[in-house]
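Undergrad: Sharing run11.cif here; it has mmCIF, C-alpha atoms.
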```cif
data_upload
loop_
_atom_site.label_atom_id
_atom_site.label_comp_id
_atom_site.auth_asym_id
_atom_site.auth_seq_id
_atom_site.Cartn_x
_atom_site.Cartn_y
_atom_site.Cartn_z
CA MET G 1 -11.55 -12.13 -5.63
CA PRO G 2 -12.63 -10.30 -2.43
CA LYS G 3 -12.90 -6.54 -2.59
CA LEU G 4 -9.44 -4.97 -2.28
CA LYS G 5 -9.19 -2.32 0.41
CA ILE G 6 -6.66 0.51 0.04
CA GLY G 7 -5.71 2.47 3.17
CA THR G 8 -4.74 6.10 2.81
CA ARG G 9 -4.64 9.43 4.56
CA GLY G 10 -7.44 11.83 3.70
CA SER G 11 -5.59 14.83 2.24
CA PRO G 12 -6.30 15.70 -1.41
CA LEU G 13 -2.81 14.57 -2.39
CA ALA G 14 -3.08 11.27 -0.49
CA LEU G 15 -6.46 10.60 -2.10
CA TYR G 16 -5.04 11.37 -5.53
CA GLN G 17 -2.32 8.79 -4.90
CA ALA G 18 -4.84 6.20 -3.73
CA HIS G 19 -6.99 6.76 -6.82
CA GLU G 20 -3.92 6.53 -9.05
CA THR G 21 -3.14 3.17 -7.45
CA ARG G 22 -6.72 1.99 -7.90
CA ASN G 23 -6.69 3.01 -11.57
CA ARG G 24 -3.47 1.10 -12.18
CA LEU G 25 -4.83 -1.98 -10.45
CA MET G 26 -8.00 -1.80 -12.54
CA ALA G 27 -5.95 -1.53 -15.74
CA ALA G 28 -3.55 -4.33 -14.79
CA HIS G 29 -6.21 -6.85 -13.75
CA GLY G 30 -9.38 -5.83 -15.59
CA LEU G 31 -11.10 -4.88 -12.34
CA ALA G 32 -14.12 -2.63 -11.95
CA GLU G 33 -14.07 0.45 -9.75
CA ASN G 34 -16.35 -1.16 -7.16
CA ASP G 35 -13.91 -4.08 -6.79
CA ILE G 36 -11.55 -1.73 -4.94
CA GLU G 37 -12.48 0.31 -1.87
CA ILE G 38 -10.49 3.33 -0.67
CA VAL G 39 -10.44 3.51 3.13
CA VAL G 40 -9.51 6.89 4.65
CA ILE G 41 -7.54 6.66 7.91
CA THR G 42 -6.72 9.69 10.03
CA THR G 43 -3.18 9.60 11.41
CA THR G 44 -1.62 11.35 14.40
CA GLY G 45 0.33 13.53 11.99
CA ASP G 46 -2.94 14.72 10.47
CA ARG G 47 -4.46 15.53 13.86
CA VAL G 48 -1.51 17.44 15.37
CA ARG G 49 -0.80 20.40 13.11
CA ASP G 50 0.47 23.07 15.48
CA ARG G 51 3.93 21.64 16.23
CA PRO G 52 6.93 20.55 14.16
CA LEU G 53 7.01 16.84 13.39
CA SER G 54 10.43 16.58 15.04
CA GLU G 55 8.81 17.51 18.37
CA ILE G 56 5.96 14.99 18.26
CA GLY G 57 7.55 11.80 16.98
CA GLY G 58 8.68 12.18 13.37
CA LYS G 59 7.62 10.71 10.06
CA GLY G 60 6.02 7.61 11.55
CA LEU G 61 3.13 9.77 12.74
CA PHE G 62 1.81 9.73 9.16
CA THR G 63 1.94 5.94 8.87
CA LYS G 64 1.32 4.36 12.29
CA GLU G 65 -2.47 4.05 12.17
CA ILE G 66 -2.43 2.93 8.54
CA GLU G 67 0.12 0.22 9.27
CA GLU G 68 -1.93 -0.90 12.27
CA ALA G 69 -4.86 -1.37 9.88
CA LEU G 70 -2.63 -3.61 7.71
CA PHE G 71 -1.73 -5.76 10.71
CA GLU G 72 -5.41 -5.91 11.73
CA ARG G 73 -6.28 -6.99 8.16
CA SER G 74 -8.92 -4.28 7.82
CA ILE G 75 -7.09 -3.14 4.66
CA HIS G 76 -5.04 -5.12 2.12
CA LEU G 77 -2.61 -2.41 1.06
CA ALA G 78 -1.56 1.10 1.99
CA VAL G 79 -0.52 3.92 -0.32
CA HIS G 80 2.14 6.35 0.90
CA SER G 81 4.26 9.27 -0.20
CA MET G 82 7.62 7.55 0.12
CA LYS G 83 9.35 10.66 1.45
CA ASP G 84 7.06 10.39 4.51
CA MET G 85 8.16 6.84 5.29
CA PRO G 86 10.53 6.14 8.21
CA ALA G 87 13.87 4.58 7.28
CA GLN G 88 12.78 1.16 8.59
CA LEU G 89 9.41 -0.51 8.01
CA PRO G 90 7.83 -2.49 10.86
CA ASP G 91 8.61 -6.20 10.89
CA GLY G 92 6.02 -8.05 8.84
CA LEU G 93 5.39 -5.24 6.33
CA ILE G 94 7.03 -4.69 2.95
CA MET G 95 6.95 -2.09 0.21
CA ALA G 96 5.51 -4.29 -2.53
CA ALA G 97 5.45 -1.79 -5.39
CA LEU G 98 6.66 1.66 -6.37
CA LEU G 99 4.82 3.63 -9.04
CA PRO G 100 6.77 5.62 -11.66
CA ARG G 101 8.42 8.63 -10.06
CA GLU G 102 7.11 12.13 -10.63
CA ASP G 103 9.40 15.20 -10.77
CA PRO G 104 11.60 14.89 -7.63
CA ARG G 105 12.60 18.56 -7.48
CA ASP G 106 11.50 21.26 -5.06
CA ALA G 107 9.24 24.08 -6.21
CA PHE G 108 9.80 27.69 -5.09
CA LEU G 109 6.56 29.59 -4.56
CA SER G 110 6.43 33.33 -3.95
CA PRO G 111 4.17 36.25 -4.86
CA VAL G 112 7.09 38.70 -4.54
CA ALA G 113 10.24 37.01 -5.87
CA ALA G 114 11.10 35.02 -8.97
CA ASN G 115 13.57 32.72 -7.20
CA ILE G 116 15.63 32.30 -4.02
CA ASP G 117 18.22 34.89 -5.05
CA ALA G 118 15.51 37.50 -5.68
CA LEU G 119 14.15 37.42 -2.12
CA GLU G 120 14.79 40.62 -0.19
CA HIS G 121 17.35 40.58 2.60
CA GLY G 122 15.71 39.23 5.77
CA ALA G 123 12.60 37.95 3.98
CA THR G 124 10.48 35.34 5.77
CA VAL G 125 10.26 31.87 4.23
CA GLY G 126 7.89 29.19 5.53
CA SER G 127 8.91 25.54 5.60
CA SER G 128 8.08 22.48 7.68
CA SER G 129 11.16 20.63 6.38
CA VAL G 130 14.44 20.73 8.33
CA ARG G 131 16.16 19.73 5.07
CA ARG G 132 14.83 22.69 3.13
CA ALA G 133 15.44 25.03 6.06
CA ALA G 134 19.09 23.96 6.38
CA GLN G 135 19.69 24.10 2.63
CA LEU G 136 18.09 27.55 2.48
CA LYS G 137 20.18 28.84 5.40
CA ARG G 138 23.26 27.56 3.60
CA LEU G 139 22.30 29.48 0.46
CA ARG G 140 20.86 32.59 2.16
CA PRO G 141 21.80 32.86 5.86
CA ASP G 142 20.06 36.26 6.03
CA LEU G 143 16.58 34.78 5.51
CA ASN G 144 14.11 34.18 8.35
CA VAL G 145 12.79 30.61 8.18
CA ILE G 146 9.55 29.89 10.06
CA GLN G 147 7.52 26.71 10.66
CA PHE G 148 4.94 26.12 7.91
CA ARG G 149 2.94 22.91 8.43
CA GLY G 150 -0.22 21.73 6.72
CA ASN G 151 -1.28 20.15 3.45
CA VAL G 152 -0.64 21.79 0.08
CA GLU G 153 -3.81 23.90 0.15
CA THR G 154 -3.14 25.11 3.71
CA ARG G 155 0.38 26.22 2.84
CA LEU G 156 -0.76 28.01 -0.30
CA LYS G 157 -3.34 29.91 1.77
CA LYS G 158 -0.70 30.90 4.34
CA LEU G 159 1.43 32.24 1.53
CA ALA G 160 -1.49 34.18 0.04
CA ASP G 161 -2.26 35.61 3.50
CA GLY G 162 1.26 37.02 3.78
CA VAL G 163 2.44 34.78 6.62
CA ALA G 164 5.63 34.37 4.61
CA GLN G 165 7.07 35.83 1.42
CA ALA G 166 7.95 32.41 0.00
CA THR G 167 7.71 28.68 0.60
CA PHE G 168 8.75 25.40 -0.97
CA LEU G 169 6.66 22.41 -1.95
CA ALA G 170 7.45 19.26 -3.90
CA CYS G 171 6.90 19.64 -7.65
CA ALA G 172 5.44 16.13 -7.65
CA GLY G 173 2.55 17.00 -5.35
CA LEU G 174 1.69 20.18 -7.20
CA ASN G 175 1.79 18.38 -10.55
CA ARG G 176 -0.45 15.58 -9.27
CA LEU G 177 -2.99 18.05 -7.91
CA GLY G 178 -3.06 20.09 -11.11
CA LEU G 179 -1.43 23.03 -9.35
CA ALA G 180 1.74 23.35 -11.42
CA ASP G 181 0.67 26.88 -12.31
CA LYS G 182 1.31 27.87 -8.67
CA ILE G 183 5.05 27.21 -9.10
CA THR G 184 7.10 30.39 -9.36
CA SER G 185 10.27 28.53 -10.28
CA ILE G 186 11.64 25.01 -10.09
CA VAL G 187 14.77 24.57 -7.95
CA SER G 188 17.47 22.47 -9.59
CA VAL G 189 18.79 19.43 -7.74
CA ASP G 190 22.22 21.07 -7.90
CA LEU G 191 20.93 23.91 -5.73
CA MET G 192 18.63 21.99 -3.37
CA LEU G 193 19.01 18.22 -3.29
CA PRO G 194 15.57 16.60 -2.81
CA ALA G 195 14.36 14.57 0.13
CA VAL G 196 14.94 10.83 -0.08
CA ALA G 197 12.27 9.26 -2.33
CA GLN G 198 10.60 12.61 -3.07
CA GLY G 199 8.08 12.24 -5.87
CA CYS G 200 7.56 8.50 -5.28
CA ILE G 201 4.36 6.65 -4.40
CA GLY G 202 4.91 3.42 -2.48
CA ILE G 203 2.43 0.60 -1.89
CA GLU G 204 2.82 -1.31 1.38
CA THR G 205 1.33 -4.64 2.39
CA ARG G 206 1.91 -7.54 4.76
CA ASP G 207 4.89 -9.73 3.99
CA ASP G 208 2.78 -12.87 4.42
CA ASP G 209 -0.06 -11.68 2.13
CA ASP G 210 1.03 -13.48 -1.03
CA ALA G 211 -2.23 -12.79 -2.85
CA THR G 212 -1.94 -9.02 -2.47
CA ARG G 213 1.77 -9.10 -3.30
CA ASP G 214 0.98 -10.93 -6.55
CA ILE G 215 -1.72 -8.41 -7.43
CA LEU G 216 0.70 -5.51 -6.85
CA ALA G 217 3.66 -7.00 -8.72
CA PRO G 218 2.68 -5.62 -12.17
CA LEU G 219 2.54 -2.09 -10.75
CA ASN G 220 6.18 -2.01 -9.65
CA HIS G 221 8.36 0.34 -11.73
CA GLY G 222 11.86 -1.10 -11.84
CA GLU G 223 13.80 2.12 -12.47
CA THR G 224 12.02 3.91 -9.62
CA ALA G 225 12.53 0.91 -7.33
CA SER G 226 16.31 0.92 -7.97
CA ALA G 227 16.58 4.64 -7.24
CA VAL G 228 14.47 4.45 -4.09
CA THR G 229 16.36 1.38 -2.85
CA CYS G 230 19.60 3.36 -3.05
CA GLU G 231 18.16 6.49 -1.44
CA ARG G 232 16.46 4.67 1.43
CA ALA G 233 19.59 2.62 2.15
CA PHE G 234 21.38 5.95 2.51
CA LEU G 235 18.66 7.17 4.87
CA ALA G 236 18.77 3.98 6.95
CA ALA G 237 22.57 4.07 7.29
CA LEU G 238 22.29 7.57 8.71
CA ASP G 239 19.40 6.60 11.02
CA GLY G 240 17.61 9.45 9.32
CA SER G 241 14.59 11.08 10.87
CA CYS G 242 12.76 14.36 10.38
CA ARG G 243 15.14 15.88 12.97
CA THR G 244 18.07 15.40 10.60
CA PRO G 245 18.63 17.58 7.51
CA LEU G 246 19.29 14.82 4.98
CA ALA G 247 18.93 14.76 1.21
CA GLY G 248 19.53 12.05 -1.34
CA HIS G 249 18.73 11.58 -4.99
CA ALA G 250 19.42 8.68 -7.35
CA HIS G 251 18.59 8.34 -11.02
CA LEU G 252 19.40 5.87 -13.77
CA ALA G 253 21.57 6.91 -16.70
CA ASP G 254 22.79 4.45 -19.35
CA GLY G 255 21.70 1.58 -17.12
CA ARG G 256 23.67 2.78 -14.09
CA VAL G 257 22.49 4.29 -10.79
CA ILE G 258 23.92 7.76 -10.18
CA PHE G 259 23.54 8.87 -6.56
CA ARG G 260 24.29 12.02 -4.61
CA GLY G 261 23.56 12.46 -0.91
CA HIS G 262 24.35 14.81 1.90
CA ALA G 263 23.67 15.68 5.51
CA LEU G 264 23.72 19.19 6.92
CA THR G 265 23.89 20.82 10.30
CA LEU G 266 20.60 22.44 11.29
CA ASP G 267 22.05 25.92 10.74
CA GLY G 268 23.22 25.01 7.24
CA VAL G 269 26.81 25.96 8.00
CA HIS G 270 28.21 22.46 7.39
CA CYS G 271 27.34 20.08 4.56
CA PHE G 272 28.79 16.57 4.28
CA GLU G 273 28.33 15.15 0.80
CA THR G 274 29.21 12.09 -1.25
CA THR G 275 28.37 10.52 -4.61
CA ARG G 276 28.12 6.99 -6.01
CA ASP G 277 27.88 5.40 -9.45
CA GLY G 278 27.09 1.71 -9.92
CA SER G 279 24.79 -0.99 -11.24
CA PRO G 280 21.13 -1.25 -10.17
CA GLU G 281 21.93 -4.58 -8.51
CA ASP G 282 24.28 -2.72 -6.17
CA ALA G 283 21.79 0.05 -5.32
CA ALA G 284 21.30 -0.96 -1.68
CA ARG G 285 25.02 -1.38 -1.03
CA MET G 286 25.82 1.94 -2.71
CA GLY G 287 23.29 3.81 -0.60
CA ARG G 288 24.40 2.13 2.61
CA GLU G 289 28.08 2.85 2.01
CA ALA G 290 27.31 6.44 1.04
CA GLY G 291 25.37 6.90 4.28
CA GLU G 292 28.17 5.40 6.35
CA GLU G 293 30.67 7.73 4.68
CA VAL G 294 28.56 10.83 5.32
CA LYS G 295 27.95 9.74 8.91
CA ALA G 296 31.71 9.37 9.47
CA MET G 297 32.37 12.79 7.93
CA GLY G 298 29.71 14.59 9.94
CA GLY G 299 30.28 12.86 13.25
CA SER G 300 28.79 14.68 16.20
CA LEU G 301 27.94 17.73 14.10
CA ILE G 302 25.03 15.93 12.46
CA ALA G 303 21.88 16.12 14.55
CA PHE G 304 20.49 12.59 15.00
#
```
When written as structure tokens, how does the structure in this file appear?
TA:
Amino acid sequence: MPKLKIGTRGSPLALYQAHETRNRLMAAHGLAENDIEIVVITTTGDRVRDRPLSEIGGKGLFTKEIEEALFERSIHLAVHSMKDMPAQLPDGLIMAALLPREDPRDAFLSPVAANIDALEHGATVGSSSVRRAAQLKRLRPDLNVIQFRGNVETRLKKLADGVAQATFLACAGLNRLGLADKITSIVSVDLMLPAVAQGCIGIETRDDDDATRDILAPLNHGETASAVTCERAFLAALDGSCRTPLAGHAHLADGRVIFRGHALTLDGVHCFETTRDGSPEDAARMGREAGEEVKAMGGSLIAF
């Protein structure tokens, strides 16, 4: 078998995810470490760090160059944080496997407050997520939310430097990086619904690359795939982008998919929410219909 090449961004979290994928491939197929090469690709989203993603093109800025490498056949597969993936993949590419989901919840980090309620009136909170910003404004309209871009380490340094009194990061990323001790408190999904596919690692390849698809098949985690299918169908129905405060979370209970999703106005004043409960086979339809319902409820108030 020719050496497998994995494309990834170069952040510590992205590299962790690429190594996790390599380790699972080695275990599934009895491969040696030197049978699999990790190829670091710098994306536009990595290069432009001084402006909100919504101003420079959205989530696709973290995937464009990596997907171009797939089309050029310079890599066989690409490893992504699924919450960074646009609602629609380019024609010719598929998500061939999803690894088991990590904790999907948001983590609250603060050196001065135990949780959201404990923040002082008018405190400054840093976030690069329009979802978290809108949800926070809904909970605490008195807080000052500022732009907070950068990888996990950069955001932790900004917090330590006093740029803000608090911030939010995904529990999944902190757990994977061994930084769970930095979490001040975990925010329940009832309080802040996670981003679509938060905590999930997806592996993308070309639709016509049967060999790579076969190699990846044993890595696919069925329960995670059902949940992500539902959540991303919700996202696609809403034409979701990083300019739209959207949240959606599905999980399996007693063999059924339980889904909750909502869209908010940017100021957090309005929240349009729905729920679904159905079989895993209906995950895509459930998510799509939930998205269409929320879109009809929100109408022109939702910022697309």
Undergrad: Just the number, please: distance in Å from CA of Val112 (chain G) to CA of Val130 (chain G), one decimal.
TA: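 Taking CA of Val112 (chain G) as the start and CA of Val130 (chain G) as the end point, the length is 23.3 Å.
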Undergrad: So, counting all atoms listed in the file, which residue among G:His251, G:Pro218, G:Leu177, G:Gln135 is closest to Cys271 (chain G)?
TA: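 Looking at the shortest contact to Cys271 (chain G), the residue is G:Gln135.
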Undergrad: Please provide the set of residues having any atom within 7 Å of region 288-298 of chain G, restricted to only C-alpha atoms, with same-chain residues fewer than 2 positions apart removed, written as a list in words.
TA: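 With the cut-off at 7 Å, the set is Ala233, Phe234, Leu235, Ala237, Leu238, His262, Ala263, Phe272, Glu273, Thr274, Ala284, Arg285, Met286, Ser300, Leu301 and Ile302 of chain G.
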Undergrad: Taking 2 positions as the minimum chain separation for residues in the same chain, which residues sit within 7 Å of Asp267 (chain G) when counting all atoms listed in the file? Answer as a ChimeraX atom specification.
TA: /G:134,137,265,269
Undergrad: Which residues are near Pro194 (chain G)? Cut-off 9 Å, all atoms listed in the file, ignore same chain within fewer than 6 positions. Put them as number ranges by chain.
TA: G: 104-106, 131-132, 170, 246-249
Undergrad: Could you list the residues chosen by the PyMOL selection byres ((chain G and resi 148-154) around 12) in this structure as a PDB file with C-alpha atoms, in the coordinates of the input?
TA:
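Result written to part_20.pdb:
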```
ATOM      1  CA  ARG G   9      -4.640   9.430   4.560  1.00  0.00           C
ATOM      2  CA  GLY G  10      -7.440  11.830   3.700  1.00  0.00           C
ATOM      3  CA  SER G  11      -5.590  14.830   2.240  1.00  0.00           C
ATOM      4  CA  PRO G  12      -6.300  15.700  -1.410  1.00  0.00           C
ATOM      5  CA  LEU G  13      -2.810  14.570  -2.390  1.00  0.00           C
ATOM      6  CA  ALA G  14      -3.080  11.270  -0.490  1.00  0.00           C
ATOM      7  CA  GLY G  45       0.330  13.530  11.990  1.00  0.00           C
ATOM      8  CA  ASP G  46      -2.940  14.720  10.470  1.00  0.00           C
ATOM      9  CA  ARG G  47      -4.460  15.530  13.860  1.00  0.00           C
ATOM     10  CA  VAL G  48      -1.510  17.440  15.370  1.00  0.00           C
ATOM     11  CA  ARG G  49      -0.800  20.400  13.110  1.00  0.00           C
ATOM     12  CA  ASP G  50       0.470  23.070  15.480  1.00  0.00           C
ATOM     13  CA  ARG G  51       3.930  21.640  16.230  1.00  0.00           C
ATOM     14  CA  PRO G  52       6.930  20.550  14.160  1.00  0.00           C
ATOM     15  CA  LEU G  53       7.010  16.840  13.390  1.00  0.00           C
ATOM     16  CA  SER G  54      10.430  16.580  15.040  1.00  0.00           C
ATOM     17  CA  ALA G 107       9.240  24.080  -6.210  1.00  0.00           C
ATOM     18  CA  LEU G 109       6.560  29.590  -4.560  1.00  0.00           C
ATOM     19  CA  THR G 124      10.480  35.340   5.770  1.00  0.00           C
ATOM     20  CA  VAL G 125      10.260  31.870   4.230  1.00  0.00           C
ATOM     21  CA  GLY G 126       7.890  29.190   5.530  1.00  0.00           C
ATOM     22  CA  SER G 127       8.910  25.540   5.600  1.00  0.00           C
ATOM     23  CA  SER G 128       8.080  22.480   7.680  1.00  0.00           C
ATOM     24  CA  SER G 129      11.160  20.630   6.380  1.00  0.00           C
ATOM     25  CA  VAL G 130      14.440  20.730   8.330  1.00  0.00           C
ATOM     26  CA  ARG G 132      14.830  22.690   3.130  1.00  0.00           C
ATOM     27  CA  ALA G 133      15.440  25.030   6.060  1.00  0.00           C
ATOM     28  CA  VAL G 145      12.790  30.610   8.180  1.00  0.00           C
ATOM     29  CA  ILE G 146       9.550  29.890  10.060  1.00  0.00           C
ATOM     30  CA  GLN G 147       7.520  26.710  10.660  1.00  0.00           C
ATOM     31  CA  ARG G 155       0.380  26.220   2.840  1.00  0.00           C
ATOM     32  CA  LEU G 156      -0.760  28.010  -0.300  1.00  0.00           C
ATOM     33  CA  LYS G 157      -3.340  29.910   1.770  1.00  0.00           C
ATOM     34  CA  LYS G 158      -0.700  30.900   4.340  1.00  0.00           C
ATOM     35  CA  LEU G 159       1.430  32.240   1.530  1.00  0.00           C
ATOM     36  CA  ALA G 160      -1.490  34.180   0.040  1.00  0.00           C
ATOM     37  CA  ASP G 161      -2.260  35.610   3.500  1.00  0.00           C
ATOM     38  CA  VAL G 163       2.440  34.780   6.620  1.00  0.00           C
ATOM     39  CA  ALA G 164       5.630  34.370   4.610  1.00  0.00           C
ATOM     40  CA  GLN G 165       7.070  35.830   1.420  1.00  0.00           C
ATOM     41  CA  ALA G 166       7.950  32.410   0.000  1.00  0.00           C
ATOM     42  CA  THR G 167       7.710  28.680   0.600  1.00  0.00           C
ATOM     43  CA  PHE G 168       8.750  25.400  -0.970  1.00  0.00           C
ATOM     44  CA  LEU G 169       6.660  22.410  -1.950  1.00  0.00           C
ATOM     45  CA  ALA G 170       7.450  19.260  -3.900  1.00  0.00           C
ATOM     46  CA  CYS G 171       6.900  19.640  -7.650  1.00  0.00           C
ATOM     47  CA  ALA G 172       5.440  16.130  -7.650  1.00  0.00           C
ATOM     48  CA  GLY G 173       2.550  17.000  -5.350  1.00  0.00           C
ATOM     49  CA  LEU G 174       1.690  20.180  -7.200  1.00  0.00           C
ATOM     50  CA  ASN G 175       1.790  18.380 -10.550  1.00  0.00           C
ATOM     51  CA  ARG G 176      -0.450  15.580  -9.270  1.00  0.00           C
ATOM     52  CA  LEU G 177      -2.990  18.050  -7.910  1.00  0.00           C
ATOM     53  CA  GLY G 178      -3.060  20.090 -11.110  1.00  0.00           C
ATOM     54  CA  LEU G 179      -1.430  23.030  -9.350  1.00  0.00           C
ATOM     55  CA  ALA G 180       1.740  23.350 -11.420  1.00  0.00           C
ATOM     56  CA  LYS G 182       1.310  27.870  -8.670  1.00  0.00           C
TER      57      LYS G 182
END
```
Undergrad: Restricting the calculation to all atoms listed in the file, which member of G:Leu4, G:Leu98, G:Ile203, G:Leu191 is positioned closest to Leu139 (chain G)?
TA: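 Closest candidate: G:Leu191.
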Undergrad: Can you translate the PyMOL selection byres ((chain G and resi 100) around 9) into the concrete residues it hits in this file, as a ChimeraX atom specification?
TA: /G:98-99,101-102,199-201,219-225
Undergrad: Interatomic distance between CA of His29 (chain G) and CA of Ser74 (chain G)?
TA: 21.9 Å
Undergrad: Do you know which residues are at most 12 Å from Ile215 (chain G) counting only C-alpha atoms, after dropping those on the same chain fewer than 4 positions away, and could you put them as a VMD selection string?
TA: chain G and resid 1 4 21 to 22 24 to 31 76 to 77 96 to 97 203 205 209 to 211 219 to 220
Undergrad: As an exercise, work out the distance from CA of Ala32 (chain G) to CA of Ala78 (chain G) in Å and give it to one decimal place.
TA: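 If I compute the distance from CA of Ala32 (chain G) to CA of Ala78 (chain G), I get 19.1 Å.
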Undergrad: Do you know which residues the PyMOL selection byres ((chain G and resi 36) around 6) returns on this file, as a PyMOL selection string?
TA: chain G and resi 3-5+33-35+37
Undergrad: Enclose the full set of atoms of region 78-87 of chain G listed in the file within a box whose edges lie along x, y and z, apply 5 Å of padding to each of the six sides, and report centre and edge lengths in Å to one decimal as AutoDock Vina command-line options.
TA:
```
--center_x 6.2 --center_y 5.9 --center_z 3.9 --size_x 25.4 --size_y 19.6 --size_z 18.5
```
Undergrad: For Arg260 (chain G), which of G:Ala195, G:Ala217, G:Ala18, G:Ile183 is the closest residue, counting only C-alpha atoms?
TA: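 Closest to Arg260 (chain G) of all the choices is G:Ala195.
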Undergrad: Near Asp117 (chain G), counting all atoms listed in the file, which residues have an atom at most 12 Å away, once you skip same-chain residues fewer than 2 positions from it, shown as a PyMOL selection string?
TA: chain G and resi 108+110+112-115+119-123+136+139-143+166+185+187+191
Undergrad: Pick out the closest residue to Cys230 (chain G) from this set: G:Gly268, G:Gly287, G:Gly162, G:Gly202. Count only C-alpha atoms.
TA: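 Checking each candidate against Cys230 (chain G), we get G:Gly287 as the closest.
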